[in-house]
$ cat data_27.txt   # compact mmCIF, C-alpha atoms
# COMPACT_ATOMS: atom_id res chain seq x y z
CA MET A 248 81.39 0.44 49.22
CA SER A 249 79.70 -1.99 51.55
CA SER A 250 76.54 -4.02 51.02
CA GLY A 251 74.73 -0.77 51.79
CA LEU A 252 74.41 -0.37 48.02
CA LYS A 253 71.29 -2.53 48.03
CA TYR A 254 69.33 0.09 50.01
CA ARG A 255 66.92 2.62 48.54
CA VAL A 256 66.47 6.29 49.40
CA LEU A 257 63.21 8.27 49.31
CA VAL A 258 63.44 11.58 47.44
CA LEU A 259 61.14 14.53 48.22
CA ASN A 260 60.63 17.68 46.20
CA ARG A 261 61.30 20.98 47.93
CA LEU A 262 57.66 21.05 49.09
CA TRP A 263 58.32 17.81 51.05
CA GLN A 264 56.23 15.66 48.67
CA ALA A 265 57.53 12.21 47.68
CA VAL A 266 58.64 12.16 44.05
CA ASN A 267 60.95 9.16 43.65
CA ILE A 268 62.88 6.28 45.17
CA VAL A 269 66.52 6.01 44.12
CA GLY A 270 69.46 3.71 44.68
CA VAL A 271 72.43 4.60 46.85
CA PRO A 272 74.79 5.78 44.04
CA ARG A 273 72.13 8.20 42.73
CA ALA A 274 71.35 9.42 46.26
CA PHE A 275 74.99 10.26 46.96
CA SER A 276 75.31 11.87 43.54
CA LEU A 277 72.37 14.20 44.32
CA LEU A 278 73.81 14.99 47.75
CA LEU A 279 77.43 15.57 46.71
CA GLN A 280 76.44 17.69 43.70
CA ASP A 281 74.43 19.88 46.09
CA HIS A 282 71.11 19.08 44.36
CA ALA A 283 69.66 17.71 47.62
CA LYS A 284 69.98 17.76 51.39
CA VAL A 285 69.63 14.87 53.81
CA ILE A 286 66.65 14.89 56.14
CA ASN A 287 68.09 13.38 59.30
CA THR A 288 65.56 10.75 60.36
CA PHE A 289 68.05 8.85 62.53
CA ASP A 290 67.60 10.99 65.65
CA GLY A 291 64.02 12.08 64.95
CA SER A 292 65.05 15.73 64.50
CA PHE A 293 64.31 15.85 60.73
CA GLN A 294 67.13 18.39 60.54
CA MET A 295 68.20 19.22 57.00
CA MET A 296 71.88 18.70 56.34
CA ASP A 297 74.05 19.42 53.31
CA SER A 298 76.78 16.99 52.27
CA ASN A 299 79.45 18.60 54.50
CA GLN A 300 77.19 18.49 57.56
CA TRP A 301 76.28 14.87 56.78
CA LEU A 302 79.92 13.84 56.46
CA GLU A 303 80.80 15.70 59.67
CA LEU A 304 77.99 13.96 61.55
CA ASN A 305 79.30 10.60 60.38
CA GLU A 306 82.84 11.46 61.52
CA LEU A 307 81.60 12.46 64.97
CA ASN A 308 79.05 9.67 65.30
CA ARG A 309 80.34 6.66 63.37
CA PRO A 310 77.65 4.27 62.05
CA SER A 311 77.43 0.89 63.76
CA GLU A 312 77.75 -2.44 61.97
CA GLU A 313 73.94 -2.83 62.06
CA GLU A 314 73.31 0.40 60.16
CA ALA A 315 73.37 0.76 56.38
CA PHE A 316 76.56 2.51 55.33
CA VAL A 317 79.12 2.89 52.58
CA GLN A 318 82.80 2.60 53.37
CA THR A 319 85.27 5.07 51.88
CA VAL A 320 89.03 4.92 52.35
CA ARG A 321 88.87 6.91 55.57
CA LEU A 322 85.23 7.14 56.57
CA ARG A 323 82.11 5.04 57.06
CA ILE A 324 79.09 7.06 55.87
CA ARG A 325 75.49 6.30 56.82
CA ILE A 326 73.13 5.91 53.90
CA PRO A 327 70.51 8.63 54.24
CA LYS A 328 66.93 7.42 54.29
CA VAL A 329 65.34 10.58 52.87
CA LEU A 330 66.64 13.36 50.62
CA LEU A 331 65.03 16.76 50.00
CA LEU A 332 65.65 18.27 46.56
CA ARG A 333 66.76 21.89 46.69
CA HIS A 334 65.00 23.26 43.60
CA TYR A 335 62.49 20.77 42.17
CA ASP A 336 58.94 21.56 43.30
CA GLN A 337 56.79 19.52 40.90
CA LEU A 338 55.14 16.13 41.29
CA PRO A 339 55.70 13.41 38.72
CA SER A 340 52.77 12.87 36.42
CA GLN A 341 50.01 10.93 38.10
CA GLU A 342 48.88 9.65 34.73
CA VAL A 343 49.45 5.91 34.75
CA LYS A 344 50.14 4.44 31.33
CA PHE A 345 47.47 2.02 30.17
CA THR A 346 49.22 -1.34 29.79
CA ARG A 347 48.24 -4.95 30.35
CA GLU A 348 50.54 -5.18 33.40
CA ASN A 349 49.22 -1.95 34.96
CA LEU A 350 45.63 -3.12 34.39
CA PHE A 351 46.33 -6.42 36.15
CA GLU A 352 48.03 -4.55 38.99
CA ARG A 353 45.05 -2.19 39.34
CA ASP A 354 42.73 -5.20 39.61
CA SER A 355 45.15 -7.15 41.87
CA TYR A 356 45.39 -9.97 39.29
CA ARG A 357 41.74 -10.86 40.04
CA CYS A 358 39.04 -11.58 37.53
CA GLN A 359 36.52 -8.77 37.95
CA TYR A 360 33.65 -11.18 37.28
CA CYS A 361 34.36 -14.28 39.37
CA GLY A 362 36.75 -12.64 41.86
CA ASN A 363 39.41 -15.35 41.69
CA ALA A 364 43.14 -14.50 41.55
CA PHE A 365 45.19 -15.81 38.62
CA LYS A 366 48.66 -15.63 37.13
CA ALA A 367 49.08 -13.04 34.36
CA GLU A 368 49.13 -15.66 31.60
CA GLN A 369 45.68 -16.88 32.73
CA LEU A 370 44.10 -13.41 32.42
CA ASN A 371 42.60 -11.34 29.62
CA MET A 372 41.62 -7.72 29.14
CA ASP A 373 37.85 -7.46 28.74
CA HIS A 374 35.92 -4.53 27.26
CA VAL A 375 32.93 -4.08 29.59
CA ILE A 376 31.07 -2.38 26.74
CA PRO A 377 32.23 -4.31 23.65
CA ARG A 378 34.12 -2.38 20.98
CA ASP A 379 31.47 -3.04 18.31
CA ARG A 380 28.98 -1.27 20.59
CA GLY A 381 31.16 1.81 20.92
CA GLY A 382 33.17 0.68 23.94
CA ARG A 383 36.54 2.39 24.19
CA THR A 384 39.89 0.93 25.17
CA SER A 385 40.30 2.94 28.36
CA TRP A 386 40.79 2.48 32.10
CA GLU A 387 37.06 3.09 32.58
CA ASN A 388 35.93 0.36 30.15
CA ILE A 389 38.54 -2.42 30.51
CA VAL A 390 38.73 -4.95 33.33
CA THR A 391 40.82 -7.97 34.13
CA SER A 392 39.00 -11.23 33.45
CA CYS A 393 39.92 -14.87 33.50
CA ILE A 394 39.74 -16.83 30.26
CA LYS A 395 36.60 -18.72 31.36
CA CYS A 396 34.64 -15.57 32.27
CA ASN A 397 35.88 -13.77 29.18
CA SER A 398 34.57 -16.60 26.99
CA GLN A 399 31.26 -16.71 28.89
CA LYS A 400 30.68 -12.97 28.50
CA ALA A 401 31.77 -13.02 24.85
CA ASN A 402 30.63 -9.97 22.90
CA ARG A 403 27.82 -8.97 25.27
CA LEU A 404 27.23 -6.49 28.06
CA PRO A 405 27.75 -8.04 31.51
CA HIS A 406 24.01 -8.06 32.38
CA GLN A 407 23.20 -9.78 29.08
CA ALA A 408 25.55 -12.61 30.10
CA SER A 409 24.09 -12.63 33.66
CA MET A 410 27.44 -11.47 35.01
CA HIS A 411 28.25 -8.67 37.42
CA LEU A 412 31.40 -6.65 37.93
CA ILE A 413 32.99 -6.85 41.38
CA ARG A 414 33.99 -3.21 41.10
CA LYS A 415 33.51 -0.38 38.63
CA PRO A 416 36.65 0.14 36.50
CA GLU A 417 38.38 3.47 37.18
CA ARG A 418 41.58 5.24 36.20
CA PRO A 419 44.23 4.43 38.85
CA ARG A 420 45.03 7.29 41.22
CA TRP A 421 48.46 6.09 42.24
CA ARG A 422 51.98 6.99 41.31
CA PRO A 423 53.83 3.85 40.22
CA PHE A 424 56.77 4.25 42.60
CA ILE A 425 54.45 4.57 45.60
CA SER A 426 52.13 1.76 44.51
CA SER A 427 55.18 -0.49 44.24
CA LEU A 428 55.61 -0.15 48.02
CA ILE A 429 52.16 -1.51 48.86
CA GLY A 430 52.60 -4.91 50.47
CA GLN A 431 56.39 -4.60 50.20
CA LYS A 432 59.06 -4.03 52.82
CA TYR A 433 60.25 -0.45 52.95
CA ASP A 434 61.87 1.79 55.54
CA HIS A 435 59.17 2.90 57.98
CA ASP A 436 60.94 6.21 58.52
CA TRP A 437 59.35 6.99 55.14
CA ASP A 438 55.86 6.80 56.69
CA HIS A 439 56.22 10.45 57.73
CA PHE A 440 56.37 11.42 54.05
CA LEU A 441 54.11 8.87 52.35
CA ASN A 442 50.40 8.33 52.65
CA ILE A 443 50.32 4.66 51.59
CA LYS A 444 46.77 4.19 52.92
CA GLN A 445 45.27 6.41 50.20
CA TYR A 446 46.57 4.10 47.42

$ encode --input "data_27.txt" --output "structure tokens"
Amino acid sequence: MSSGLKYRVLVLNRLWQAVNIVGVPRAFSLLLQDHAKVINTFDGSFQMMDSNQWLELNELNRPSEEEAFVQTVRLRIRIPKVLLLRHYDQLPSQEVKFTRENLFERDSYRCQYCGNAFKAEQLNMDHVIPRDRGGRTSWENIVTSCIKCNSQKANRLPHQASMHLIRKPERPRWRPFISSLIGQKYDHDWDHFLNIKQY
């Protein structure tokens, strides 16, 4: 196989909703085992093609050197950009696990009191309502704070420390695989199937 292995493929459920991003080996496995079809984004037709149709298209219209492909003994095969699963119609859970890393990602690695950006090791998790006052460890009560602001607030409510939150803490509404695309390079043929702006 060529360097095309480094590419990623968007996977949709049968209702055309994005459910995952997979590597090239997994994409071809889904296609060749007849679990998915290719959505042909190359000519703008969005025609669905099974593995035989996809291979036939590549025989008739050989990929150029500039395109992402895998090389077999006798054939150069384009790497599909989007696959449509034949039977799966669910969405992955939108529940995002509460972890230190996910909290920092939600808050863009910014202290929610002073607004400055920091490296992860310079940040803390702060209970807006302190635990000894009934504050829970939840998305709605924990914010990212720098060490200085965390020490200044101590075991008080923000207004008691004359501090104000930049933004109210909320449970994230993103799916991790889509949020990972924000600010990253990805294939813009995927824009037809993703609504990045809502994340």

$ closest_residue --input "data_27.txt" --among "A:Arg321, A:His334, A:Lys395, A:Lys328" --to "Ala274 in chain A" --atoms "only C-alpha atoms"
A:Lys328

$ closest_residue --input "data_27.txt" --among "A:Glu312, A:Asp290, A:Asp354, A:Asp438" --to "Ser392 in chain A" --atoms "only C-alpha atoms"
A:Asp354

$ residues_around --input "data_27.txt" --residues "Asn388 in chain A" --least-positions-apart "3" --cutoff "8 Å" --atoms "only C-alpha atoms" --output "list of chain:residue names"
A:His374, A:Val375, A:Ile376, A:Gly382, A:Arg383, A:Thr384, A:Ser385, A:Pro416

$ closest_residue --input "data_27.txt" --among "A:Glu387, A:Asp436, A:Asp281, A:Glu314" --to "Lys415 in chain A" --atoms "only C-alpha atoms"
A:Glu387

$ closest_residue --input "data_27.txt" --among "A:Ile413, A:Cys396, A:Leu330, A:Leu370" --to "Leu262 in chain A" --atoms "only C-alpha atoms"
A:Leu330

$ closest_residue --input "data_27.txt" --among "A:Arg403, A:Met410, A:Val329, A:Arg347" --to "Val390 in chain A" --atoms "only C-alpha atoms"
A:Arg347

$ decode --input "data_27.txt" --residues "range 314-356 of chain A" --atoms "C-alpha atoms" --output "PDB file, in the first residue's frame"
ATOM      1  CA  GLU A 314      -4.789  11.569  -5.293  1.00  0.00           C
ATOM      2  CA  ALA A 315      -4.749   9.401  -2.184  1.00  0.00           C
ATOM      3  CA  PHE A 316      -4.656   5.750  -3.190  1.00  0.00           C
ATOM      4  CA  VAL A 317      -3.516   2.294  -2.190  1.00  0.00           C
ATOM      5  CA  GLN A 318      -1.570   0.161  -4.622  1.00  0.00           C
ATOM      6  CA  THR A 319      -2.413  -3.513  -5.037  1.00  0.00           C
ATOM      7  CA  VAL A 320      -0.520  -5.933  -7.266  1.00  0.00           C
ATOM      8  CA  ARG A 321      -2.617  -5.034 -10.295  1.00  0.00           C
ATOM      9  CA  LEU A 322      -4.647  -1.981  -9.386  1.00  0.00           C
ATOM     10  CA  ARG A 323      -4.360   1.486  -7.867  1.00  0.00           C
ATOM     11  CA  ILE A 324      -7.461   2.150  -5.746  1.00  0.00           C
ATOM     12  CA  ARG A 325      -8.610   5.595  -4.631  1.00  0.00           C
ATOM     13  CA  ILE A 326      -9.135   5.960  -0.911  1.00  0.00           C
ATOM     14  CA  PRO A 327     -12.802   6.814  -0.418  1.00  0.00           C
ATOM     15  CA  LYS A 328     -13.463   9.986   1.539  1.00  0.00           C
ATOM     16  CA  VAL A 329     -16.858   8.973   2.940  1.00  0.00           C
ATOM     17  CA  LEU A 330     -18.475   5.607   3.699  1.00  0.00           C
ATOM     18  CA  LEU A 331     -22.152   4.923   4.383  1.00  0.00           C
ATOM     19  CA  LEU A 332     -22.875   2.004   6.715  1.00  0.00           C
ATOM     20  CA  ARG A 333     -25.512  -0.365   5.385  1.00  0.00           C
ATOM     21  CA  HIS A 334     -27.291  -1.316   8.630  1.00  0.00           C
ATOM     22  CA  TYR A 335     -26.191   0.882  11.544  1.00  0.00           C
ATOM     23  CA  ASP A 336     -28.683   3.693  12.196  1.00  0.00           C
ATOM     24  CA  GLN A 337     -27.719   4.920  15.672  1.00  0.00           C
ATOM     25  CA  LEU A 338     -25.588   7.847  16.787  1.00  0.00           C
ATOM     26  CA  PRO A 339     -22.717   7.324  19.197  1.00  0.00           C
ATOM     27  CA  SER A 340     -23.442   8.501  22.696  1.00  0.00           C
ATOM     28  CA  GLN A 341     -23.226  12.255  22.993  1.00  0.00           C
ATOM     29  CA  GLU A 342     -22.347  11.890  26.657  1.00  0.00           C
ATOM     30  CA  VAL A 343     -18.811  13.176  27.053  1.00  0.00           C
ATOM     31  CA  LYS A 344     -16.892  11.555  29.887  1.00  0.00           C
ATOM     32  CA  PHE A 345     -15.959  13.981  32.639  1.00  0.00           C
ATOM     33  CA  THR A 346     -12.153  14.027  32.721  1.00  0.00           C
ATOM     34  CA  ARG A 347      -9.521  16.651  33.405  1.00  0.00           C
ATOM     35  CA  GLU A 348      -8.484  16.676  29.723  1.00  0.00           C
ATOM     36  CA  ASN A 349     -12.072  16.988  28.449  1.00  0.00           C
ATOM     37  CA  LEU A 350     -12.725  19.822  30.918  1.00  0.00           C
ATOM     38  CA  PHE A 351      -9.663  21.724  29.696  1.00  0.00           C
ATOM     39  CA  GLU A 352     -10.732  21.119  26.097  1.00  0.00           C
ATOM     40  CA  ARG A 353     -14.246  22.403  26.832  1.00  0.00           C
ATOM     41  CA  ASP A 354     -12.758  25.583  28.310  1.00  0.00           C
ATOM     42  CA  SER A 355     -10.099  25.882  25.555  1.00  0.00           C
ATOM     43  CA  TYR A 356      -7.292  25.634  28.153  1.00  0.00           C
TER      44      TYR A 356
END
